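Asks: Have a look at the structure that comes next, please.
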Amino acid sequence: MNSLSDNKQPRHTSSEPPVARKEPTVAAVERALDVLQCFSVSTPTLTLTEISRRTGMYKSTSLRLLGTLQRRSFVRRGPDGAYYPGPAVLPLASLYQHQALARELIEPVLHQLTADTGESSSFNVREGDVRVCAYRVDSPRNIRDHLRVGDVRPLLRGAAGKVLCTFHGIPFDANQEAAIRKSLFCVAHREIEEDGAGLAVPVFGPGQRCEGALVLSGPADRFDSRRVTVMVHRLLVAAARLSDAIGGVSDGLDAAAKAQSVSLSKTC
């Protein structure tokens with residue numbers, strides 16, 4: 001019979017390098033992830049036999065894992081018996097896209113907008129019947145607005161709110177909505193703060209979904225017509241670049257930016 005000491009790992013001596021310890025894993029989870037990673041753009045549907053061959057698992061094991069994934073909507077089974085990714089993967093992909101968008105694209109654009117204009121820049125998103133400041137870069141000027149990341153504002157007030165309402169199909173003032181759809185920007189003075197102003201343009205993602213509003217804001221007395229034309233042009237150019245980067249169509253934003261450029265040249 002083995003003693004308890006027989007089951008202990010031998011101590012390492014100074015002349016023996018320690019063995020690298022592996023992180024603990026859950027085999028069933030790893031196998032389920034192996035199944036999901038079988039799917040790709042080139043292989044969007046797979047049979048049980050193909051999945052078993054790709055993972056190196058018995059068909060019975062693959063079938064049990066597919067059954068669990070199917071119950072949780074991570075995979076679906078078609079009429080021909082082949083499997084394909086299910087709707088449960090979409091929220092995870094959307095979440096990753098949102099985070100990657102913020103880190104890699106939005107924040108550098110906000111820093112550039114603030115550097116170019118001297119005004120505070122932000123990215124607002126719709127959350128139900130309100131809008132939330134998701135990302136923000138403060139103006140370097142002493143006098144500025146004081147919106148913070150996480151601050152909530154009414155959806156039906158302010159430039160960002162009206163842009164989000166327009167492109168999320170939430171009705172408000174029909175004339176304002178039509179003007180925003182045509183020009184792809186909104187200017188608002190003293191709607192949120194007594195001495196504040198803001199400009200906003202939409203950013204479009206896949207399927208032309210409005211992912212959020214790109215905003216410049218500050219004291220109303222710095223938002224005269226000449227500066228507004230310049231800042232709207234910069235916002236539209238930046239929004240077109242962001243929309244391209246996340247798989248949206250930027251043609252409308254590009255055209256609107258060109259129209260602003262023409263207006264700017266006429267005021268020179």
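Order determines the names: the first chain of the structure tokens is A, the second B, and so forth; residues in each chain are numbered 1 upward, and ligands are numbered 1 upward as they are shown.
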Please extract the residues of segment 169-210 of chain A with a backbone DSSP assignment of strand (DSSP E) and present them as a list in words.

Replies: Cys186, Val187, Ala188, His189, Gly196, Ala197, Gly198, Leu199, Ala200, Val201, Pro202, Val203, Phe204 and Cys210 of chain A

Asks: Excluding Asp254 of chain A and any residue of its chain fewer than 6 positions from it, enumerate the residues within 10 Å of it, using only C-alpha atoms, and give them as a count of residues only.

Replies: 8

Asks: Any idea what's packed within 10 Å of Thr49 of chain A, counting only C-alpha atoms, ignoring anything in its chain fewer than 2 positions away? Could you give it as a list in words?

Replies: Leu46, Thr47, Ile51, Ser52, Arg53, Arg54, Met57, Tyr58, Lys59, Ser62, Leu63 and Ala82 of chain A

Asks: Using only C-alpha atoms, can you tell me which of A:Ile143, A:Val132, A:Val163, A:Val137 comes closest to Asp195 of chain A?

Replies: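 That would be A:Ile143, the residue with the smallest distance to Asp195 of chain A.
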
Asks: Would you please work out which residue, of A:Ala245, A:Gly150, A:Ala257, A:Ile170, is nearest to Val201 of chain A when using only C-alpha atoms?

Replies: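 Using only C-alpha atoms, the shortest distance to Val201 of chain A belongs to A:Ala257.
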
Asks: Within 10 Å of Phe167 of chain A, counting only C-alpha atoms, which residues qualify if same-chain residues fewer than 2 places away don't, as an MDAnalysis selection string?

Replies: chainID A and resid 162:165 169:171 177 180:181 184 202:204 208:213

Asks: Quick one: everything within 9 Å of segment 140-142 of chain A, counting only C-alpha atoms, minus sequence neighbours fewer than 4 positions away in the same chain. Send it as a ChimeraX atom specification.

Replies: /A:114-115,118-120

Asks: Check the smallest atom-to-atom distance from each of A:Leu242, A:Leu90, A:Leu113, A:Val215 to Leu147 of chain A using only C-alpha atoms, then report the winner.

Replies: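 Going through A:Leu242, A:Leu90, A:Leu113, A:Val215 one by one, the smallest distance to Leu147 of chain A is for A:Val215.
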
Asks: Counting only C-alpha atoms, what is within 7 Å of Arg144 of chain A, bar same-chain residues fewer than 4 positions away, as JSON, numbers by chain?

Replies: {"A": [139, 218, 219]}

Asks: For the residues in the current selection, export C-alpha atoms as a PDB file, in the first residue's frame.

Replies:
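The result, written out as selection-v5.pdb:
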ATOM      1  CA  SER A 139     -10.739  71.170 -23.465  1.00  0.00           C
ATOM      2  CA  GLY A 218     -18.196  74.287 -24.878  1.00  0.00           C
ATOM      3  CA  PRO A 219     -19.335  77.822 -23.984  1.00  0.00           C
TER       4      PRO A 219
END

Asks: Quick one: pull the distance between atom CA of Arg103 of chain A and atom CA of Val41 of chain A, Å, one decimal.

Replies: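 Atom-to-atom, atom CA of Arg103 of chain A to atom CA of Val41 of chain A, that is 25.4 Å.
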
Asks: List as a list in words the protein and nucleic acid residues near Val249 of chain A, meaning an atom at most 9 Å away when only C-alpha atoms are counted, but skip any in the same chain fewer than 2 places from it.

Replies: Phe204, Gly205, Pro206, Gly207, Gln208, Ala240, Ser243, Asp244, Gly247, Asp251, Gly252 and Leu253 of chain A

Asks: Running DSSP on the backbone, which parts of segment 8-234 of chain A land in alpha helix (DSSP H), as number ranges by chain?

Replies: A: 27-36, 48-55, 59-71, 89-101, 107-117, 158-167, 174-183, 225-234

Asks: Nearest residue to His168 of chain A out of A:Ala188, A:Val125, A:Leu110, A:Leu36, using only C-alpha atoms?

Replies: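 Checking each of A:Ala188, A:Val125, A:Leu110, A:Leu36 against His168 of chain A, counting only C-alpha atoms, the winner is A:Val125.
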
Asks: Please, what distance in Å, to one decimal, runs between atom CA of Asp173 of chain A and atom CA of Arg227 of chain A?

Replies: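 Distance reported for this atom pair: 25.6 Å.
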
Asks: Record the distance separating atom CA of Val187 of chain A and atom CA of Leu199 of chain A, expressed in Å with one decimal.

Replies: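 It comes out at 4.7 Å.
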
Asks: Would you mind telling me which residue in A:Leu235, A:Ala28, A:Leu92, A:Ala179 lies nearest to Thr61 of chain A when using only C-alpha atoms?

Replies: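 Smallest separation from Thr61 of chain A among the options: A:Ala28.
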